$ cat final28.cif   # mmCIF, C-alpha atoms
data_upload
loop_
_atom_site.label_atom_id
_atom_site.label_comp_id
_atom_site.auth_asym_id
_atom_site.auth_seq_id
_atom_site.Cartn_x
_atom_site.Cartn_y
_atom_site.Cartn_z
CA MET A 1 30.15 26.56 -6.44
CA SER A 2 31.26 24.18 -9.23
CA ASP A 3 30.88 24.98 -12.91
CA PRO A 4 27.27 24.98 -14.13
CA ILE A 5 25.76 21.96 -15.83
CA PHE A 6 24.34 23.27 -19.10
CA VAL A 7 21.31 21.45 -20.50
CA SER A 8 19.68 22.46 -23.77
CA VAL A 9 15.97 21.61 -24.09
CA GLY A 10 14.72 20.93 -27.60
CA GLY A 11 12.82 18.46 -29.70
CA GLY A 12 12.00 19.98 -33.05
CA LYS A 13 8.20 20.06 -32.89
CA GLY A 14 6.52 23.21 -31.64
CA GLY A 15 4.08 22.84 -28.76
CA VAL A 16 5.46 19.54 -27.51
CA GLY A 17 6.32 21.02 -24.10
CA LYS A 18 9.95 22.20 -24.17
CA SER A 19 9.37 25.31 -22.04
CA THR A 20 7.07 23.35 -19.73
CA VAL A 21 9.76 20.76 -19.09
CA ALA A 22 12.49 23.37 -18.57
CA ALA A 23 10.42 25.36 -16.06
CA ASN A 24 9.11 22.41 -14.07
CA LEU A 25 12.40 20.56 -13.99
CA GLY A 26 14.12 23.74 -12.83
CA SER A 27 11.54 24.17 -10.08
CA ILE A 28 12.11 20.65 -8.76
CA LEU A 29 15.89 21.09 -8.81
CA SER A 30 15.45 24.35 -6.90
CA LYS A 31 13.33 22.52 -4.34
CA LYS A 32 16.18 20.01 -3.97
CA GLY A 33 18.56 22.84 -3.08
CA PHE A 34 20.20 23.57 -6.44
CA SER A 35 20.53 27.02 -7.95
CA VAL A 36 19.04 27.19 -11.45
CA GLY A 37 19.30 29.53 -14.41
CA PHE A 38 17.00 29.68 -17.43
CA ILE A 39 17.75 31.27 -20.79
CA ASP A 40 15.18 31.46 -23.56
CA VAL A 41 17.00 31.45 -26.90
CA ASP A 42 13.82 31.25 -28.97
CA LEU A 43 14.55 34.71 -30.36
CA GLY A 44 11.42 34.87 -32.49
CA GLY A 45 8.82 33.58 -30.05
CA ALA A 46 10.15 33.58 -26.52
CA ASN A 47 7.63 32.48 -23.91
CA LEU A 48 9.59 30.84 -21.08
CA HIS A 49 8.96 33.86 -18.82
CA ASN A 50 5.27 32.94 -18.74
CA PHE A 51 6.14 29.53 -17.27
CA VAL A 52 8.28 30.87 -14.41
CA GLY A 53 6.02 33.66 -13.14
CA VAL A 54 7.55 36.67 -14.94
CA LYS A 55 4.86 38.76 -16.64
CA ARG A 56 7.09 40.75 -18.99
CA PRO A 57 10.85 41.07 -18.48
CA LEU A 58 12.16 44.61 -18.68
CA LEU A 59 15.42 43.46 -20.27
CA GLY A 60 16.38 40.48 -22.39
CA LEU A 61 18.71 39.07 -25.01
CA GLN A 62 17.80 41.84 -27.44
CA ASP A 63 19.42 44.36 -25.10
CA PHE A 64 22.57 42.25 -24.85
CA LEU A 65 22.85 41.71 -28.61
CA ALA A 66 22.20 45.38 -29.32
CA GLY A 67 24.97 46.42 -26.92
CA ARG A 68 22.69 48.14 -24.42
CA ALA A 69 23.91 45.63 -21.85
CA LYS A 70 27.55 44.58 -21.66
CA SER A 71 26.96 41.22 -20.02
CA LEU A 72 24.21 38.63 -19.72
CA GLU A 73 24.18 39.16 -15.99
CA GLU A 74 22.78 42.65 -16.59
CA VAL A 75 19.69 41.23 -18.33
CA THR A 76 18.79 38.55 -15.78
CA CYS A 77 15.70 38.77 -13.62
CA ARG A 78 14.38 36.78 -10.67
CA THR A 79 11.52 34.36 -11.23
CA ALA A 80 8.66 33.10 -9.03
CA ILE A 81 10.76 29.98 -8.34
CA PRO A 82 13.15 30.38 -5.39
CA ASN A 83 16.89 30.50 -6.16
CA THR A 84 16.47 30.86 -9.92
CA TRP A 85 17.07 33.52 -12.55
CA LEU A 86 15.87 34.04 -16.12
CA ILE A 87 17.30 35.60 -19.26
CA SER A 88 14.39 36.20 -21.57
CA GLY A 89 14.45 35.99 -25.35
CA ALA A 90 13.02 38.49 -27.79
CA SER A 91 9.47 37.55 -28.67
CA ASP A 92 8.55 40.53 -30.81
CA ILE A 93 11.74 41.48 -32.66
CA MET A 94 11.68 39.49 -35.88
CA GLU A 95 15.15 40.52 -37.07
CA LEU A 96 16.56 38.55 -34.13
CA ALA A 97 14.57 35.40 -34.93
CA ASP A 98 17.48 34.02 -37.00
CA PRO A 99 20.63 35.47 -35.43
CA LYS A 100 24.06 35.38 -37.04
CA PHE A 101 26.45 32.67 -35.90
CA SER A 102 28.69 35.31 -34.32
CA GLN A 103 25.74 36.53 -32.22
CA LYS A 104 25.02 33.01 -31.03
CA GLN A 105 28.68 32.50 -30.18
CA ARG A 106 28.65 35.69 -28.14
CA ILE A 107 25.63 34.48 -26.16
CA ILE A 108 27.22 31.07 -25.57
CA SER A 109 30.55 32.57 -24.52
CA HIS A 110 28.96 34.92 -21.99
CA LEU A 111 26.54 32.27 -20.76
CA LYS A 112 29.49 30.12 -19.67
CA THR A 113 30.46 32.82 -17.17
CA MET A 114 27.06 32.74 -15.40
CA LYS A 115 26.64 31.23 -11.95
CA ALA A 116 24.21 28.39 -11.16
CA ASP A 117 24.27 24.66 -10.52
CA PHE A 118 22.10 23.97 -13.58
CA ILE A 119 21.42 26.26 -16.54
CA PHE A 120 18.63 25.30 -18.94
CA ILE A 121 18.77 26.61 -22.51
CA ASP A 122 15.20 26.62 -23.87
CA LEU A 123 15.45 26.19 -27.65
CA GLY A 124 12.95 27.21 -30.28
CA ALA A 125 10.98 24.88 -32.51
CA GLY A 126 12.41 23.34 -35.65
CA ALA A 127 15.81 21.95 -36.54
CA GLY A 128 17.41 24.86 -38.39
CA HIS A 129 20.86 26.28 -37.72
CA HIS A 130 19.53 28.93 -35.34
CA VAL A 131 18.33 26.12 -33.06
CA THR A 132 20.91 23.38 -33.60
CA ASP A 133 23.90 25.68 -33.07
CA PHE A 134 22.80 26.12 -29.47
CA TYR A 135 22.11 22.40 -29.10
CA ALA A 136 25.55 21.47 -30.44
CA SER A 137 27.37 23.88 -28.12
CA PHE A 138 26.55 22.13 -24.85
CA PRO A 139 27.38 18.58 -23.68
CA HIS A 140 23.90 17.76 -22.34
CA GLY A 141 20.56 18.01 -24.10
CA ILE A 142 16.99 17.09 -23.18
CA ILE A 143 14.80 15.94 -26.05
CA VAL A 144 11.09 16.44 -25.38
CA SER A 145 8.56 14.44 -27.36
CA ASP A 146 5.19 12.79 -27.09
CA SER A 147 4.48 9.41 -28.67
CA LEU A 148 2.82 10.71 -31.86
CA PRO A 149 4.66 9.78 -35.09
CA ILE A 150 5.09 13.41 -36.15
CA SER A 151 6.71 14.28 -32.81
CA ILE A 152 9.09 11.31 -32.97
CA GLU A 153 9.97 12.19 -36.56
CA ASN A 154 10.64 15.81 -35.62
CA ALA A 155 12.74 14.77 -32.62
CA TYR A 156 14.83 12.47 -34.81
CA GLY A 157 15.35 15.22 -37.38
CA PHE A 158 16.35 17.61 -34.62
CA LEU A 159 18.96 15.18 -33.25
CA LYS A 160 20.30 14.35 -36.71
CA ASN A 161 20.65 17.98 -37.79
CA GLY A 162 22.08 18.94 -34.41
CA ALA A 163 24.72 16.22 -34.58
CA LEU A 164 25.70 17.11 -38.14
CA ARG A 165 25.87 20.80 -37.26
CA GLY A 166 28.06 20.02 -34.26
CA LEU A 167 30.41 17.82 -36.29
CA CYS A 168 30.73 20.39 -39.07
CA ARG A 169 31.54 23.12 -36.55
CA LEU A 170 34.51 21.05 -35.36
CA PHE A 171 36.27 21.83 -38.65
CA PRO A 172 35.62 25.45 -39.67
CA GLY A 173 37.02 26.19 -43.10
CA ASN A 174 37.63 22.52 -43.99
CA LYS A 175 35.22 22.23 -46.89
CA ASP A 176 36.28 18.70 -47.87
CA ILE A 177 35.39 17.03 -44.58
CA VAL A 178 32.27 19.17 -44.11
CA GLN A 179 31.02 18.06 -47.51
CA HIS A 180 31.70 14.46 -46.51
CA ILE A 181 29.76 14.85 -43.24
CA ARG A 182 26.79 16.36 -45.03
CA LEU A 183 26.42 13.25 -47.19
CA LEU A 184 24.60 11.73 -44.21
CA SER A 185 21.70 14.11 -44.83
CA ASP A 186 21.86 14.35 -48.65
CA LEU A 187 19.70 11.40 -49.66
CA SER A 188 19.80 12.45 -53.33
CA ALA A 189 23.58 11.97 -53.58
CA LYS A 190 24.78 8.67 -55.06
CA ASN A 191 27.34 8.19 -52.28
CA SER A 192 25.11 9.26 -49.37
CA PHE A 193 25.20 7.41 -46.04
CA SER A 194 22.24 5.87 -44.22
CA THR A 195 23.86 5.81 -40.77
CA MET A 196 26.36 7.88 -38.82
CA GLN A 197 28.60 4.83 -38.50
CA GLU A 198 28.79 4.43 -42.28
CA MET A 199 29.82 8.07 -42.62
CA LEU A 200 32.47 7.75 -39.90
CA ASN A 201 33.91 4.58 -41.43
CA ALA A 202 34.20 6.26 -44.82
CA CYS A 203 35.74 9.37 -43.26
CA ALA A 204 38.29 7.29 -41.35
CA ARG A 205 39.89 6.17 -44.62
CA ILE A 206 40.45 9.77 -45.74
CA PHE A 207 40.51 11.84 -42.52
CA PRO A 208 41.66 9.49 -39.72
CA GLY A 209 42.58 12.20 -37.21
CA GLU A 210 39.42 14.21 -37.79
CA THR A 211 37.32 11.06 -37.51
CA ARG A 212 38.73 10.38 -34.05
CA THR A 213 37.71 13.91 -33.08
CA MET A 214 34.18 13.29 -34.37
CA ARG A 215 33.86 10.00 -32.49
CA GLU A 216 34.98 11.74 -29.29
CA TRP A 217 32.39 14.51 -29.78
CA LEU A 218 29.59 12.00 -30.37
CA SER A 219 30.66 9.94 -27.36
CA ALA A 220 30.76 12.98 -25.08
CA LYS A 221 27.30 14.20 -26.11
CA LYS A 222 24.65 13.07 -23.62
CA ASN A 223 21.03 13.32 -24.68
CA PHE A 224 18.07 12.66 -22.37
CA LEU A 225 14.57 11.76 -23.55
CA VAL A 226 11.55 13.10 -21.66
CA LEU A 227 8.16 11.84 -22.85
CA ASN A 228 5.31 14.29 -22.42
CA MET A 229 1.53 13.79 -22.29
CA VAL A 230 1.81 10.06 -21.57
CA ARG A 231 -1.54 8.28 -21.32
CA GLU A 232 -0.61 4.58 -21.46
CA GLU A 233 2.29 2.12 -21.30
CA GLU A 234 2.51 1.91 -25.08
CA ASP A 235 3.56 5.59 -25.17
CA ILE A 236 6.58 4.72 -23.05
CA ARG A 237 7.44 1.69 -25.19
CA ILE A 238 7.41 3.90 -28.29
CA GLY A 239 9.80 6.28 -26.59
CA LYS A 240 12.20 3.51 -25.63
CA ARG A 241 12.20 2.16 -29.19
CA PHE A 242 13.07 5.68 -30.32
CA THR A 243 16.20 5.67 -28.12
CA GLU A 244 17.32 2.44 -29.80
CA MET A 245 16.76 3.93 -33.26
CA VAL A 246 18.85 7.00 -32.39
CA LYS A 247 21.73 4.79 -31.20
CA LYS A 248 21.56 2.61 -34.31
CA TYR A 249 21.36 5.31 -36.97
CA LEU A 250 23.00 8.35 -35.35
CA SER A 251 25.53 6.76 -32.94
CA LEU A 252 24.20 9.05 -30.21
CA SER A 253 23.33 8.04 -26.67
CA LEU A 254 19.74 8.95 -25.83
CA TYR A 255 18.87 8.11 -22.22
CA TYR A 256 15.21 7.79 -21.31
CA ILE A 257 14.91 9.63 -17.98
CA GLY A 258 11.17 9.75 -17.39
CA TYR A 259 7.72 10.77 -18.49
CA ILE A 260 5.03 13.33 -17.66
CA SER A 261 1.52 12.00 -17.31
CA PHE A 262 -1.29 13.62 -19.23
CA ALA A 263 -2.93 15.74 -16.53
CA PRO A 264 -5.92 18.10 -16.98
CA GLU A 265 -4.73 20.16 -14.00
CA PHE A 266 -1.57 21.05 -15.91
CA ARG A 267 -3.30 23.77 -17.90
CA ASP A 268 -5.11 25.24 -14.89
CA SER A 269 -1.88 25.46 -12.93
CA MET A 270 -0.04 27.17 -15.78
CA ARG A 271 -2.66 29.91 -15.86
CA GLY A 272 -1.43 30.93 -12.43
CA GLY A 273 2.06 31.59 -13.78
CA LYS A 274 3.74 28.93 -11.66
CA PRO A 275 5.13 25.54 -12.74
CA PRO A 276 2.54 22.80 -12.11
CA ALA A 277 5.22 20.70 -10.38
CA LEU A 278 4.91 23.14 -7.47
CA GLU A 279 1.11 22.81 -7.36
CA SER A 280 0.21 19.19 -8.20
CA PRO A 281 1.62 16.17 -6.30
CA ARG A 282 1.01 13.94 -9.32
CA ILE A 283 3.00 16.18 -11.65
CA GLU A 284 5.65 16.76 -9.01
CA SER A 285 6.25 13.01 -8.71
CA CYS A 286 6.88 12.75 -12.47
CA PHE A 287 9.39 15.58 -12.46
CA ASP A 288 11.03 14.32 -9.30
CA VAL A 289 11.96 11.10 -11.11
CA ILE A 290 13.23 13.07 -14.12
CA ALA A 291 15.26 15.40 -11.91
CA SER A 292 16.82 12.52 -9.97
CA ASN A 293 17.84 10.77 -13.18
CA LEU A 294 19.23 14.00 -14.64
CA ILE A 295 21.31 14.61 -11.51
CA SER A 296 22.64 11.05 -11.59
CA LEU A 297 23.60 11.16 -15.26
CA THR A 298 25.16 14.64 -15.27
CA LYS A 299 27.00 14.44 -11.94
CA ALA A 300 28.66 11.11 -12.80
#

$ encode --input "final28.cif" --output "structure tokens"
Amino acid sequence: MSDPIFVSVGGGKGGVGKSTVAANLGSILSKKGFSVGFIDVDLGGANLHNFVGVKRPLLGLQDFLAGRAKSLEEVTCRTAIPNTWLISGASDIMELADPKFSQKQRIISHLKTMKADFIFIDLGAGAGHHVTDFYASFPHGIIVSDSLPISIENAYGFLKNGALRGLCRLFPGNKDIVQHIRLLSDLSAKNSFSTMQEMLNACARIFPGETRTMREWLSAKKNFLVLNMVREEEDIRIGKRFTEMVKKYLSLSLYYIGYISFAPEFRDSMRGGKPPALESPRIESCFDVIASNLISLTKA
């Protein structure tokens, strides 16, 4: 088995369908013969187990972080989807909702020893450090959004904060360059930057070596856009314009890899505790396209 392909699943806005996409995409990849792992790092409101047919996991990340389990493998459980496993988050332990950076690093370090073809990291809502640290730690990320302005705005904020967090983490302890990077988000500063490229150009005059490192990180980061609850062609056009905006202002590649039609049967299928992609041919066809594009772009 080759090393796992890690894919974070975020988007900023709560309720836009991050867990739905992770569960259904994992189910289609399993059907195609891949082994799949899921980890729910929404440590204040974990719910991914409900989407993969696990009523209430006996163990989860709280046991690992508390030292009751020495490895993540000890807190995995099987799901209703063949050839998959789940590591559940902590939905009712509020002190873990905003973990320390060292705790997140411990999870990430141990996660990289797990076995699967694909491992999906289901992120929480928002664009704070507790979410973007996980996003920035993996080379691939799925951004889930619908076409509503608030969802697009939240997705953009998530990508911007995630990129800045990732760039800052490249230079721990270097306050000068970190302060320079943060000028991209400090609109009140006189010398703030409106685009990532402006910030990089300014940095290159002062920190040429570090700027090359930042450009390499941005170039290596692959983001994939999945549009949810699509009703008409205009929804897709809005999504594609969003990918262009991300490239222009954030210098990040955002590949549109497919959409999920608005489907009333989605909710009924979820009540049964199984991903709708395993129950509805219409939904399965949407996720089949997304899965095929994801495989193509991550295996290249």

$ resolve_selection --input "final28.cif" --expression "the PyMOL selection byres ((chain A and resi 256-261) around 6)" --output "list of chain:residue names"
A:Phe224, A:Leu225, A:Val226, A:Leu227, A:Asn228, A:Met229, A:Val230, A:Tyr255, A:Phe262, A:Ala263, A:Cys286, A:Ile290, A:Asn293

$ closest_residue --input "final28.cif" --among "A:Lys299, A:Asp133, A:Ala189, A:Gly128" --to "A:Asp3" --atoms "all atoms listed in the file"
A:Lys299

$ atom_distance --input "final28.cif" --atom1 "atom CA of A:Lys18" --atom2 "atom CA of A:Ala66"
26.7 Å

$ atom_distance --input "final28.cif" --atom1 "atom CA of A:Asn161" --atom2 "atom CA of A:His129"
8.3 Å

$ atom_distance --input "final28.cif" --atom1 "atom CA of A:Arg56" --atom2 "atom CA of A:Val16"
22.9 Å

$ residues_around --input "final28.cif" --residues "A:Ser151" --least-positions-apart "3" --cutoff "8 Å" --atoms "all atoms listed in the file" --output "NGL selection string"
:A and (12-13 or 16 or 145-148 or 154-155)

$ resolve_selection --input "final28.cif" --expression "the PyMOL selection byres ((chain A and resi 82) around 8)" --output "ChimeraX atom specification"
/A:27,30-31,79-81,83-84

$ resolve_selection --input "final28.cif" --expression "the PyMOL selection byres ((chain A and resi 104-108) around 10)" --output "list in words"
Val41, Leu61, Phe64, Leu65, Ser71, Leu72, Asp98, Pro99, Lys100, Phe101, Ser102, Gln103, Ser109, His110, Leu111, Lys112, Thr113, His130, Val131, Asp133, Phe134, Ser137 and Phe138 of chain A

$ closest_residue --input "final28.cif" --among "A:Phe193, A:Phe120, A:Phe51, A:Tyr135" --to "A:Lys222" --atoms "only C-alpha atoms"
A:Tyr135

$ residues_around --input "final28.cif" --residues "A:Ser219" --least-positions-apart "2" --cutoff "10 Å" --atoms "all atoms listed in the file" --output "MDAnalysis selection string"
chainID A and resid 139 213:217 221:222 251:253
